[in-house]
$ cat entry09.txt   # compact mmCIF, C-alpha atoms
# COMPACT_ATOMS: atom_id res chain seq x y z
CA MET A 17 88.64 -81.52 -87.76
CA PRO A 18 87.13 -84.39 -89.80
CA ILE A 19 84.57 -83.95 -92.58
CA TYR A 20 81.44 -86.12 -92.37
CA GLU A 21 78.77 -86.77 -94.99
CA TYR A 22 75.04 -86.53 -94.21
CA THR A 23 71.86 -87.16 -96.16
CA CYS A 24 68.39 -85.77 -95.61
CA SER A 25 65.59 -88.32 -95.94
CA ASP A 26 63.05 -85.56 -96.62
CA CYS A 27 64.63 -83.69 -99.56
CA GLU A 28 67.36 -86.29 -100.37
CA LEU A 29 70.15 -83.71 -100.26
CA THR A 30 73.60 -85.08 -99.43
CA PHE A 31 76.01 -82.62 -97.83
CA GLU A 32 79.25 -82.48 -95.84
CA LEU A 33 80.00 -80.94 -92.45
CA MET A 34 83.26 -80.37 -90.66
CA ARG A 35 82.66 -81.24 -87.00
CA PRO A 36 84.46 -82.67 -83.99
CA ILE A 37 84.59 -86.46 -83.66
CA SER A 38 82.39 -86.18 -80.56
CA GLU A 39 79.56 -84.83 -82.78
CA ALA A 40 80.01 -87.21 -85.72
CA ASP A 41 76.92 -89.33 -85.05
CA LYS A 42 74.63 -86.46 -84.09
CA GLU A 43 71.97 -85.56 -86.62
CA ALA A 44 72.65 -82.35 -88.55
CA PRO A 45 70.24 -79.74 -89.90
CA CYS A 46 69.79 -79.97 -93.66
CA PRO A 47 70.93 -76.72 -95.30
CA HIS A 48 68.10 -76.99 -97.86
CA CYS A 49 64.93 -77.94 -95.92
CA HIS A 50 66.25 -77.62 -92.31
CA ASN A 51 65.03 -81.09 -91.28
CA GLN A 52 67.40 -83.40 -89.43
CA ALA A 53 69.79 -85.44 -91.60
CA ARG A 54 71.68 -88.62 -90.67
CA ARG A 55 75.33 -89.36 -91.22
CA ILE A 56 76.17 -91.78 -94.02
CA MET A 57 79.31 -93.70 -94.87
CA SER A 58 81.33 -91.84 -97.47
CA ALA A 59 82.51 -93.81 -100.48
CA CYS A 60 86.05 -93.36 -101.70
CA VAL A 61 87.89 -94.36 -104.83
CA ALA A 62 91.60 -95.07 -105.07
CA LEU A 63 93.40 -94.12 -108.28
CA SER A 64 96.73 -95.24 -109.63
CA ARG A 65 98.87 -93.57 -112.30
CA ASN A 66 100.97 -95.60 -114.72
CA SER A 67 104.31 -94.57 -116.22
CA SER A 68 102.62 -92.75 -119.14
CA GLY A 69 100.51 -90.67 -116.74
CA GLU A 70 97.17 -92.40 -117.31
CA THR A 71 95.01 -92.97 -114.24
CA SER A 72 92.85 -95.99 -113.45
CA ARG A 73 90.85 -97.22 -110.49
CA VAL A 74 92.56 -99.53 -108.05
CA SER A 75 90.50 -102.66 -107.45
CA GLY A 76 89.78 -103.45 -103.84
CA THR A 77 90.01 -106.84 -102.21
CA GLY A 78 86.89 -106.38 -100.06
CA THR A 79 83.37 -107.51 -100.79
CA SER A 80 81.91 -104.03 -101.27
CA CYS A 81 81.62 -102.00 -104.46
CA ALA A 82 84.58 -99.65 -104.91
CA THR A 83 82.42 -97.24 -106.92
CA CYS A 84 79.46 -96.59 -104.63
CA GLY A 85 80.09 -98.46 -101.38
CA ALA A 86 77.21 -100.94 -101.79
CA SER A 87 77.74 -104.30 -100.14
CA SER A 88 77.91 -105.98 -103.55
CA CYS A 89 78.25 -104.81 -107.17
CA ALA A 90 75.41 -107.21 -107.98
CA THR A 91 72.99 -104.89 -106.17
CA CYS A 92 74.27 -101.52 -107.43
CA GLY A 93 74.85 -102.25 -111.12
CA HIS A 94 78.50 -101.11 -111.35

$ encode --input "entry09.txt" --output "structure tokens"
Amino acid sequence: MPIYEYTCSDCELTFELMRPISEADKEAPCPHCHNQARRIMSACVALSRNSSGETSRVSGTGTSCATCGASSCATCGH
């Protein structure tokens, strides 16, 4: 079952839920304040390891920020 990320607009808590795909877009109760939270797009980061074992971020070719998922690094400050 997939894991989805939700955020509560009332208390600003971000949390994850494991739910069926058929329930992915349904609002979820916030575990902190119990108000309804909406699903958000989860950000991911790809890492690469070189021959000496050091890791570094893999740069994406898209137009969004690889760090936070914003549409542009100009708006997020990364």

$ atom_distance --input "entry09.txt" --atom1 "atom CA of Lys42 of chain A" --atom2 "atom CA of Ser58 of chain A"
15.9 Å

$ residues_around --input "entry09.txt" --residues "segment 21-28 of chain A" --least-positions-apart "4" --cutoff "7 Å" --atoms "only C-alpha atoms" --output "list in words"
Glu32, Leu33, Cys46, Cys49, Gln52, Ala53, Arg54, Arg55, Ile56, Met57 and Ser58 of chain A

$ atom_distance --input "entry09.txt" --atom1 "atom CA of Glu39 of chain A" --atom2 "atom CA of Ile19 of chain A"
11.0 Å

$ residues_around --input "entry09.txt" --residues "Pro47 of chain A" --least-positions-apart "3" --cutoff "9 Å" --atoms "all atoms listed in the file" --output "ChimeraX atom specification"
/A:29,31,44,50-51

$ closest_residue --input "entry09.txt" --among "A:Ala40, A:Arg65, A:Thr30, A:Arg73" --to "Pro18 of chain A" --atoms "only C-alpha atoms"
A:Ala40

$ atom_distance --input "entry09.txt" --atom1 "atom CA of Val61 of chain A" --atom2 "atom CA of His48 of chain A"
27.2 Å
